[in-house]
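What follows is the content of my_file_8.cif (mmCIF, C-alpha atoms and all ligand atoms).
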```cif
data_coords
#
loop_
_atom_site.label_atom_id
_atom_site.label_comp_id
_atom_site.auth_asym_id
_atom_site.auth_seq_id
_atom_site.Cartn_x
_atom_site.Cartn_y
_atom_site.Cartn_z
CA MET T 703 8.66 12.43 -14.29
CA VAL T 704 6.66 11.01 -17.17
CA LEU T 705 3.73 8.62 -17.13
CA PRO T 706 5.02 5.56 -19.05
CA PRO T 707 2.85 4.14 -21.87
CA ARG T 708 0.44 1.36 -20.95
CA GLN T 709 1.89 -2.13 -21.37
CA THR T 710 0.93 -3.78 -24.63
CA GLU T 711 1.14 -7.42 -23.47
CA THR T 712 -1.63 -7.72 -20.94
CA GLY T 713 -2.22 -11.46 -20.52
CA THR T 714 -0.96 -13.82 -17.89
CA LYS T 715 2.63 -15.08 -17.93
CA ARG T 716 4.97 -16.90 -15.68
CA VAL T 717 6.72 -14.61 -13.16
CA PRO T 718 9.58 -14.27 -12.48
CA ASP T 719 11.34 -14.81 -15.79
CA ALA T 720 14.99 -15.85 -16.11
CA ASP T 721 16.15 -12.22 -15.97
CA HIS T 722 14.68 -11.70 -12.49
CA PRO T 723 16.03 -14.29 -10.04
CA PHE T 724 15.59 -13.91 -6.29
CA ILE T 725 18.63 -12.37 -4.64
CA ALA T 726 18.33 -11.67 -0.91
CA PRO T 727 18.85 -8.00 0.00
CA GLY T 728 22.27 -6.90 1.24
CA PRO T 729 22.82 -5.00 4.47
CA ASN T 730 22.49 -1.58 2.81
CA ASP T 731 19.45 -2.42 0.71
CA MET T 732 16.14 -0.88 1.82
CA ARG T 733 13.10 -3.02 2.53
CA GLY T 734 9.92 -2.03 4.33
CA PRO T 735 6.25 -2.64 5.11
CA CYS T 736 5.00 -3.51 1.60
CA PRO T 737 5.31 -7.17 0.66
CA ALA T 738 4.85 -6.35 -3.03
CA MET T 739 7.58 -3.70 -3.17
CA ASN T 740 9.94 -5.98 -1.20
CA THR T 741 9.27 -8.85 -3.60
CA LEU T 742 9.80 -6.68 -6.69
CA ALA T 743 13.12 -5.43 -5.27
CA ASN T 744 14.27 -8.94 -4.34
CA HIS T 745 13.73 -9.95 -7.98
CA GLY T 746 15.06 -6.79 -9.64
CA TYR T 747 11.69 -5.67 -11.10
CA ILE T 748 12.51 -2.44 -9.26
CA SER T 749 16.02 -1.48 -8.10
CA ARG T 750 17.41 -4.12 -5.80
CA ASN T 751 18.72 -1.47 -3.38
CA GLY T 752 15.14 -0.45 -2.64
CA ILE T 753 15.48 3.09 -4.01
CA THR T 754 13.05 3.42 -6.87
CA SER T 755 11.28 6.00 -9.05
CA PHE T 756 7.77 6.83 -10.24
CA GLU T 757 8.30 5.19 -13.65
CA GLU T 758 10.09 2.14 -12.25
CA ILE T 759 7.24 1.39 -9.82
CA ILE T 760 4.70 1.58 -12.63
CA LEU T 761 6.70 -0.55 -15.06
CA GLY T 762 7.62 -3.10 -12.36
CA THR T 763 4.09 -3.53 -11.01
CA GLU T 764 2.71 -3.75 -14.56
CA GLU T 765 5.18 -6.39 -15.68
CA ALA T 766 5.30 -8.59 -12.60
CA PHE T 767 1.78 -8.16 -11.18
CA ASN T 768 -0.15 -7.06 -14.28
CA LEU T 769 -1.40 -3.94 -12.56
CA ASN T 770 -3.42 -1.61 -14.74
CA ARG T 771 -1.45 1.60 -15.26
CA ASP T 772 -4.10 3.73 -13.56
CA MET T 773 -3.87 1.69 -10.37
CA ALA T 774 -0.07 1.49 -10.53
CA SER T 775 0.33 5.23 -11.08
CA ASN T 776 -2.12 6.01 -8.30
CA MET T 777 -0.17 3.96 -5.76
CA ALA T 778 3.13 5.38 -7.00
CA ALA T 779 1.76 8.95 -6.86
CA ILE T 780 0.43 8.91 -3.31
CA ASN T 781 3.58 7.28 -1.96
CA MET T 782 5.90 9.62 -3.89
CA LEU T 783 3.98 12.68 -2.66
CA THR T 784 3.86 11.57 0.98
CA ARG T 785 7.19 9.84 1.52
CA GLY T 786 9.40 10.29 -1.54
CA ASN T 787 11.31 13.12 -3.15
CA PRO T 788 9.27 14.19 -6.20
CA PHE T 789 11.94 16.73 -7.21
CA VAL T 790 14.67 14.13 -7.87
CA ASN T 791 12.05 11.38 -8.50
CA LYS T 792 13.34 8.95 -5.90
CA ILE T 793 11.66 7.05 -3.10
CA SER T 794 12.89 4.52 -0.56
CA ILE T 795 10.73 1.42 -0.04
CA GLY T 796 12.05 1.36 3.53
CA GLY T 797 13.52 4.11 5.68
CA VAL T 798 15.80 7.12 5.27
CA SER T 799 18.49 6.56 2.61
CA PRO T 800 21.58 8.54 1.61
CA PHE T 801 20.39 8.07 -2.00
CA VAL T 802 17.19 10.07 -1.43
CA PRO T 803 18.05 13.67 -0.51
CA PRO T 804 15.79 16.02 1.45
CA LEU T 805 13.44 18.17 -0.61
CA PRO T 806 14.94 21.44 -1.92
CA GLY T 807 15.09 23.97 0.92
CA LYS T 808 14.26 21.09 3.30
CA ILE T 809 10.62 22.11 2.97
CA ASP T 810 9.50 18.82 4.53
CA GLY T 811 12.18 18.58 7.20
CA PRO T 812 15.83 17.58 7.16
CA GLU T 813 15.27 14.09 5.67
CA THR T 814 13.06 12.31 3.16
CA GLN T 815 11.65 9.47 5.18
CA GLY T 816 10.69 6.55 2.92
CA ILE T 817 7.46 4.54 2.87
CA ALA T 818 8.08 2.87 6.24
CA LYS T 819 7.56 6.13 8.11
CA HIS T 820 4.31 6.09 10.03
CA GLY T 821 1.47 8.56 9.75
CA ARG T 822 0.84 9.63 6.19
CA PHE T 823 0.43 6.36 4.27
CA GLU T 824 1.78 3.68 6.62
CA GLY T 825 -0.69 3.14 9.42
CA ASP T 826 -2.36 0.98 12.03
CA ALA T 827 -4.14 -2.39 11.81
CA SER T 828 -1.84 -3.94 9.20
CA MET T 829 -2.04 -7.66 8.63
CA THR T 830 1.61 -8.52 9.19
CA ARG T 831 3.23 -5.47 10.76
CA SER T 832 2.73 -4.06 14.28
CA ASP T 833 1.31 -0.65 14.98
CA VAL T 834 4.24 1.75 15.32
CA HIS T 835 3.33 2.71 18.89
CA ILE T 836 3.48 -0.85 20.17
CA GLY T 837 6.11 -2.52 17.98
CA ASP T 838 7.89 -2.78 14.65
CA ASN T 839 5.75 -1.34 11.85
CA ARG T 840 8.25 -2.23 9.14
CA ASN T 841 9.17 -5.91 9.24
CA PHE T 842 7.10 -9.07 8.87
CA ASN T 843 5.74 -10.31 12.22
CA GLN T 844 5.15 -14.07 12.40
CA THR T 845 2.77 -13.85 15.37
CA LEU T 846 0.47 -11.47 13.50
CA TRP T 847 0.55 -13.66 10.40
CA ASP T 848 -0.30 -16.72 12.51
CA MET T 849 -3.32 -14.83 13.86
CA ASP T 850 -4.41 -14.05 10.29
CA LEU T 851 -4.01 -17.71 9.39
CA GLU T 852 -6.29 -18.70 12.27
CA GLN T 853 -9.06 -16.93 10.36
CA LEU T 854 -8.09 -18.86 7.24
CA VAL T 855 -8.44 -22.11 9.17
CA LYS T 856 -11.93 -21.05 10.27
CA PHE T 857 -13.26 -19.50 7.07
CA GLY T 858 -11.02 -20.51 4.14
CA ASP T 859 -12.00 -22.65 1.16
CA ASP T 860 -10.58 -26.09 0.50
CA GLY T 861 -7.84 -26.29 -2.12
CA PRO T 862 -4.90 -28.24 -3.47
CA ASP T 863 -2.96 -27.78 -0.23
CA GLY T 864 -5.77 -29.16 1.94
CA PRO T 865 -8.93 -28.09 3.73
CA ALA T 866 -9.34 -24.37 4.52
CA THR T 867 -6.16 -23.24 2.73
CA VAL T 868 -7.60 -20.84 0.13
CA PHE T 869 -8.38 -17.17 0.95
CA ASN T 870 -11.92 -15.97 0.24
CA VAL T 871 -13.75 -12.72 1.02
CA GLN T 872 -15.08 -14.02 4.34
CA THR T 873 -11.53 -14.75 5.50
CA LEU T 874 -10.43 -11.22 4.56
CA ILE T 875 -13.39 -9.77 6.46
CA GLU T 876 -12.53 -11.74 9.58
CA MET T 877 -8.85 -10.79 9.32
CA ALA T 878 -9.76 -7.11 9.05
CA ARG T 879 -12.12 -7.41 12.00
CA GLN T 880 -9.47 -9.09 14.11
CA ASN T 881 -6.68 -6.66 13.22
CA LEU T 882 -8.85 -3.60 13.85
CA GLU T 883 -10.31 -4.92 17.11
CA SER T 884 -7.04 -6.06 18.62
CA ASP T 885 -5.05 -2.94 17.67
CA GLN T 886 -7.78 -0.64 18.97
CA VAL T 887 -7.39 -2.30 22.36
CA LEU T 888 -3.62 -2.71 22.37
CA ASP T 889 -2.50 0.59 20.81
CA PRO T 890 -3.31 3.66 22.95
CA GLU T 891 -2.68 5.91 19.93
CA PHE T 892 -4.67 3.80 17.48
CA ALA T 893 -5.85 5.91 14.53
CA ILE T 894 -7.65 5.00 11.33
CA PRO T 895 -8.51 8.18 9.41
CA ILE T 896 -10.54 7.53 6.27
CA ARG T 897 -7.44 7.22 4.07
CA ARG T 898 -6.12 4.53 6.37
CA LEU T 899 -9.36 2.59 6.81
CA ASN T 900 -9.72 2.43 3.02
CA LEU T 901 -6.17 1.18 2.77
CA VAL T 902 -6.72 -1.54 5.38
CA PHE T 903 -9.61 -2.90 3.30
CA GLY T 904 -7.74 -2.29 0.04
CA ALA T 905 -4.56 -4.09 1.08
CA GLN T 906 -6.58 -7.12 2.20
CA SER T 907 -8.24 -7.32 -1.19
CA LEU T 908 -4.86 -7.40 -2.98
CA ILE T 909 -4.37 -10.89 -1.59
CA MET T 910 -7.08 -12.11 -3.92
CA SER T 911 -6.81 -9.64 -6.80
CA VAL T 912 -3.03 -9.42 -7.23
CA PHE T 913 -1.25 -12.19 -5.30
CA ALA T 914 -3.55 -15.05 -6.43
CA ASN T 915 -2.14 -17.32 -9.12
CA GLY T 916 -3.41 -15.93 -12.45
CA THR T 917 -3.92 -19.40 -13.88
CA THR T 918 -5.85 -21.04 -11.04
CA GLN T 919 -7.26 -17.74 -9.65
CA GLN T 920 -6.49 -19.15 -6.22
CA ALA T 921 -4.79 -17.32 -3.35
CA THR T 922 -3.54 -20.27 -1.34
CA LYS T 923 -1.87 -20.15 2.07
CA HIS T 924 1.35 -21.30 0.39
CA ILE T 925 1.28 -18.53 -2.25
CA ILE T 926 0.36 -15.71 0.12
CA THR T 927 2.88 -16.79 2.75
CA SER T 928 5.57 -16.71 0.07
CA PHE T 929 4.84 -13.04 -0.65
CA PHE T 930 4.40 -11.91 2.97
CA MET T 931 7.03 -13.98 4.74
CA ASN T 932 9.69 -14.80 2.14
CA GLN T 933 9.11 -11.74 -0.07
CA THR T 934 9.52 -13.83 -3.18
CA PHE T 935 7.26 -15.18 -5.93
CA PRO T 936 6.05 -18.69 -5.18
CA GLU T 937 7.25 -21.38 -7.58
CA ASN T 938 5.22 -21.85 -10.75
CA TRP T 939 3.36 -18.54 -10.24
CA PHE T 940 1.52 -16.68 -13.00
CA ARG T 941 0.48 -13.03 -12.89
CA ALA T 942 -3.20 -12.03 -13.19
CA ALA T 943 -4.93 -12.98 -16.45
CA SER T 944 -5.89 -9.37 -17.23
CA PRO T 945 -4.75 -5.98 -15.90
CA VAL T 946 -5.84 -5.44 -12.30
CA LEU T 947 -7.81 -2.25 -11.71
CA GLY T 948 -10.04 -1.80 -8.63
CA SER T 949 -11.87 -4.69 -7.10
CA PRO T 950 -15.30 -5.04 -5.47
CA ILE T 951 -13.71 -6.67 -2.42
CA PRO T 952 -12.82 -3.55 -0.36
CA ALA T 953 -16.46 -2.40 -0.49
CA GLN T 954 -17.60 -5.90 0.51
CA ILE T 955 -15.25 -5.87 3.51
CA ALA T 956 -16.43 -2.38 4.49
CA ALA T 957 -20.08 -3.41 4.18
CA ALA T 958 -19.48 -6.41 6.44
CA LEU T 959 -17.88 -4.22 9.14
CA PRO T 960 -20.25 -1.23 9.46
CA GLU T 961 -19.08 -0.64 13.03
CA TRP T 962 -15.65 0.38 11.69
CA VAL T 963 -15.83 4.02 10.71
CA PRO T 964 -12.87 6.41 10.43
CA GLY T 965 -11.72 7.43 13.90
CA HIS T 966 -9.09 7.26 16.61
CA ASN T 967 -8.59 6.47 20.30
CA ASP T 968 -9.00 9.38 22.72
CA GLU T 969 -6.75 9.84 25.76
CA ASN T 970 -8.79 7.23 27.65
CA GLY T 971 -8.41 4.64 24.92
CA VAL T 972 -12.02 5.06 23.81
CA PHE T 973 -12.58 4.93 20.06
CA VAL T 974 -14.03 8.20 18.74
CA ALA T 975 -15.34 8.65 15.20
CA ASP T 976 -13.70 11.34 13.05
CA PRO T 977 -15.91 14.13 11.68
CA PRO T 978 -16.91 13.44 8.07
CA ALA T 979 -15.12 15.13 5.17
CA PRO T 980 -16.58 18.60 4.53
CA ALA T 981 -18.84 19.28 1.54
CA PRO T 982 -18.35 18.91 -1.36
CA PHE T 983 -15.74 16.23 -0.56
CA ASN T 984 -18.27 14.04 1.24
CA SER T 985 -19.88 13.19 -2.11
CA SER T 986 -18.32 9.70 -2.20
CA GLY T 987 -15.87 7.52 -0.30
CA GLY T 988 -13.29 7.99 -3.05
CA CYS T 989 -13.62 11.76 -2.91
CA ALA T 990 -13.37 11.84 0.90
CA ASN T 991 -10.28 9.66 0.67
CA TYR T 992 -8.67 12.10 -1.78
CA TRP T 993 -9.60 15.06 0.43
CA ASP T 994 -8.03 13.38 3.48
CA ASN T 995 -4.84 12.56 1.59
CA LEU T 996 -4.35 16.06 0.19
CA SER T 997 -5.42 17.87 3.38
CA ASN T 998 -3.66 15.73 5.96
CA ALA T 999 -0.99 13.55 4.35
CA VAL T 1000 0.62 15.39 1.40
CA PRO T 1001 2.87 18.13 2.87
CA GLY T 1002 1.41 21.61 2.36
CA THR T 1003 4.76 23.04 1.28
CA LEU T 1004 4.40 21.10 -2.00
CA ALA T 1005 1.68 23.60 -2.99
CA ASN T 1006 4.25 26.37 -3.44
CA VAL T 1007 7.03 24.81 -5.50
CA THR T 1008 8.18 25.92 -8.95
CA GLY T 1009 9.77 24.69 -12.18
CA ILE T 1010 10.36 20.96 -12.69
CA PHE T 1011 9.48 20.33 -9.06
CA LYS T 1012 6.04 21.86 -9.67
CA GLN T 1013 5.58 19.92 -12.92
CA ASN T 1014 6.21 16.67 -11.05
CA VAL T 1015 3.93 17.57 -8.15
CA ASP T 1016 1.19 18.61 -10.60
CA LEU T 1017 1.51 15.30 -12.46
CA LEU T 1018 1.18 13.31 -9.22
CA THR T 1019 -1.64 15.35 -7.66
CA GLY T 1020 -3.44 15.28 -11.04
CA ILE T 1021 -3.34 11.48 -11.03
CA LEU T 1022 -4.91 11.41 -7.55
CA PHE T 1023 -7.57 13.95 -8.52
CA ASN T 1024 -8.52 12.06 -11.70
CA ALA T 1025 -9.05 8.89 -9.66
CA SER T 1026 -10.98 10.65 -6.90
CA SER T 1027 -14.42 11.25 -8.42
CA CYS T 1028 -14.31 14.68 -6.78
CA ALA T 1029 -15.64 17.67 -8.72
CA GLU T 1030 -13.13 20.03 -7.10
CA SER T 1031 -9.42 19.57 -6.53
CA VAL T 1032 -7.62 20.16 -3.21
CA ALA T 1033 -4.20 21.79 -2.85
CA PRO T 1034 -1.67 19.95 -0.65
CA ALA T 1035 -2.18 21.18 2.92
CA GLY T 1036 -0.82 18.45 5.20
CA PRO T 1037 1.63 19.05 8.07
CA THR T 1038 5.36 19.10 7.25
CA ASN T 1039 8.29 17.36 8.91
CA VAL T 1040 6.13 14.66 10.49
C1 LIG S 1101 1.29 -4.52 -6.95
C2 LIG S 1101 0.99 -3.52 -6.18
C3 LIG S 1101 0.94 -3.63 -4.69
C4 LIG S 1101 0.51 -4.66 -3.91
C5 LIG S 1101 -0.05 -6.00 -4.36
C6 LIG S 1101 0.72 -4.26 -2.52
C7 LIG S 1101 0.39 -5.04 -1.44
C8 LIG S 1101 0.43 -4.60 -0.13
C9 LIG S 1101 -0.12 -5.31 1.00
C10 LIG S 1101 -0.82 -6.65 0.93
C11 LIG S 1101 0.11 -4.56 2.09
C12 LIG S 1101 -0.35 -4.86 3.52
C13 LIG S 1101 0.71 -5.39 4.43
C14 LIG S 1101 0.14 -5.71 5.77
O1 LIG S 1101 -0.99 -5.33 6.08
O2 LIG S 1101 0.82 -6.37 6.56
C15 LIG S 1101 0.81 -3.38 1.67
C16 LIG S 1101 1.23 -2.37 2.51
C17 LIG S 1101 1.92 -1.28 2.08
N1 LIG S 1101 2.26 -0.96 0.78
FE1 LIG S 1101 1.88 -2.03 -0.84
N2 LIG S 1101 1.26 -3.01 -2.51
C18 LIG S 1101 1.42 -2.60 -3.80
C19 LIG S 1101 1.95 -1.41 -4.23
C20 LIG S 1101 2.56 -0.50 -3.40
C21 LIG S 1101 3.31 0.64 -3.85
C22 LIG S 1101 3.53 1.02 -5.31
C23 LIG S 1101 3.77 1.25 -2.74
C24 LIG S 1101 4.66 2.46 -2.63
C25 LIG S 1101 5.70 2.68 -3.39
C26 LIG S 1101 3.28 0.53 -1.59
C27 LIG S 1101 3.49 0.88 -0.27
C28 LIG S 1101 2.95 0.22 0.81
C29 LIG S 1101 3.07 0.67 2.17
C30 LIG S 1101 3.75 1.96 2.65
C31 LIG S 1101 2.42 -0.26 2.96
C32 LIG S 1101 2.25 -0.22 4.48
C33 LIG S 1101 0.85 0.15 4.83
C34 LIG S 1101 0.55 -0.35 6.22
O3 LIG S 1101 0.16 -1.52 6.34
O4 LIG S 1101 0.67 0.43 7.16
N3 LIG S 1101 2.57 -0.54 -2.04
N4 LIG S 1101 1.00 -3.43 0.31
#
```

Transcribe the structure of this file into structure tokens.
Amino acid sequence: MVLPPRQTETGTKRVPDADHPFIAPGPNDMRGPCPAMNTLANHGYISRNGITSFEEIILGTEEAFNLNRDMASNMAAINMLTRGNPFVNKISIGGVSPFVPPLPGKIDGPETQGIAKHGRFEGDASMTRSDVHIGDNRNFNQTLWDMDLEQLVKFGDDGPDGPATVFNVQTLIEMARQNLESDQVLDPEFAIPIRRLNLVFGAQSLIMSVFANGTTQQATKHIITSFFMNQTFPENWFRAASPVLGSPIPAQIAAALPEWVPGHNDENGVFVADPPAPAPFNSSGGCANYWDNLSNAVPGTLANVTGIFKQNVDLLTGILFNASSCAESVAPAGPTNV
């Protein structure tokens, strides 16, 4: 595994180009809970069979979505560590695949699961997928999307497609509120540890920072529905005008929903807050997020590997540490075979 060089062309451009037409997935191709990964696979920016690698994810998200390499490598690293095989450098964007073997010595169970597997990265309160305990956590759910769009009708900006058809921060806040509130009530095993709560807010923000048309800067209902529902680039779409690195939007959503802290339902369905990250990992939200990922999501057996396997794990955990703002690193310590 090698971190690819940063892309040199960093402006907007029309996507897809002629080399990347939409081809619907075949019956053996993997697709899963991420609308961006599904879209990239449907257009061949990553392998069309849905089995991809660390480098391919970075190059594909840079070219098609103009992601900054730091953000691209961070997302690739956490997913590869939690649900991929970092020894052979393969990961399924859906479920278990014959093309992604178990880890050497089956140190994380008999199969490598793929990003659709619940619990480490995939989690509750998604916009367009059910919670795993009450439905299908992998495929687009029209009813959930319609509920999200009800918030757009109430809070959206006016745009070329009509009144209240353009996503803004208030719409994302109200969508997050609705998804969290309804899943807390409906899902007896509802859980949003800090890594998951951050991801709920982060994924919402990608609607405006990554999926918006790079020329108009607008995230219209038509554009966003194309990504979520049809898993294809909308016609006449341009990637972001400059490389996308963080965004202020997740913090704005969090600030608007102070009642939503990391936590989970107890056996009576009552929401209970999680204890905070221990010192010194409570120094910032980013550091607590890193601590939670390494302690509870990245399998602990990855701490004891050797050779090329270790080199790859060190590269990936190093990327997460560098982005964490923590002063101290954490060795992988999460449960295995879950
Ligand atoms: C251009 C970069 C990316 C964008 C714009 C993006 C966008 C999104 C969005 C909007 C969701 C939320 C879906 C929903 O709530 O219904 C999501 C979920 C997800 N993404 Fe991505 N993603 C990106 C990169 C990645 C990468 C590189 C991976 C892993 C290889 C990944 C894995 C996932 C997973 C596992 C989920 C499910 C989380 C959940 O809702 O439980 N994403 N992504």

Next on the checklist: From the options T:Met849, T:Ile759, T:Met739, T:Val972, which residue's atoms come nearest to Arg879 (chain T), counting only C-alpha atoms?
Outcome noted: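 Among the listed residues, the smallest separation from Arg879 (chain T) belongs to T:Met849.
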
Next on the checklist: ligand LIG 1101 (chain S): which residues are within 8 Å, counting all atoms listed in the file? Reply as a PyMOL selection string.
Outcome noted: chain T and resi 734-739+759-760+763-764+767-769+774-775+777-778+780-782+793-795+817-820+823-831+833+839-840+842+898+901-902+905-909+912-913+930

Excluding same-chain residues fewer than 5 positions from Phe857 (chain T), what lies within 9 Å of it counting all atoms listed in the file, as a short mmCIF file (atom, residue, chain, number, x, y, z; two decimals) with C-alpha atoms, in the coordinates of the input?
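result.cif, written as the output of this step:
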```cif
data_model
loop_
_atom_site.label_atom_id
_atom_site.label_comp_id
_atom_site.auth_asym_id
_atom_site.auth_seq_id
_atom_site.Cartn_x
_atom_site.Cartn_y
_atom_site.Cartn_z
CA GLU T 852 -6.29 -18.70 12.27
CA ALA T 866 -9.34 -24.37 4.52
CA PHE T 869 -8.38 -17.17 0.95
CA ASN T 870 -11.92 -15.97 0.24
CA GLN T 872 -15.08 -14.02 4.34
CA THR T 873 -11.53 -14.75 5.50
CA GLU T 876 -12.53 -11.74 9.58
#
```

Next on the checklist: Please compute the CA of Ala958 (chain T)-CA of Ala878 (chain T) distance, one decimal, in Å.
Outcome noted: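 Taking CA of Ala958 (chain T) and CA of Ala878 (chain T), their separation equals 10.1 Å.
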
Checklist entry - Which distance in Å separates CA of Arg771 (chain T) and CA of Arg708 (chain T), to one decimal? => result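 These two atoms are separated by 6.0 Å.
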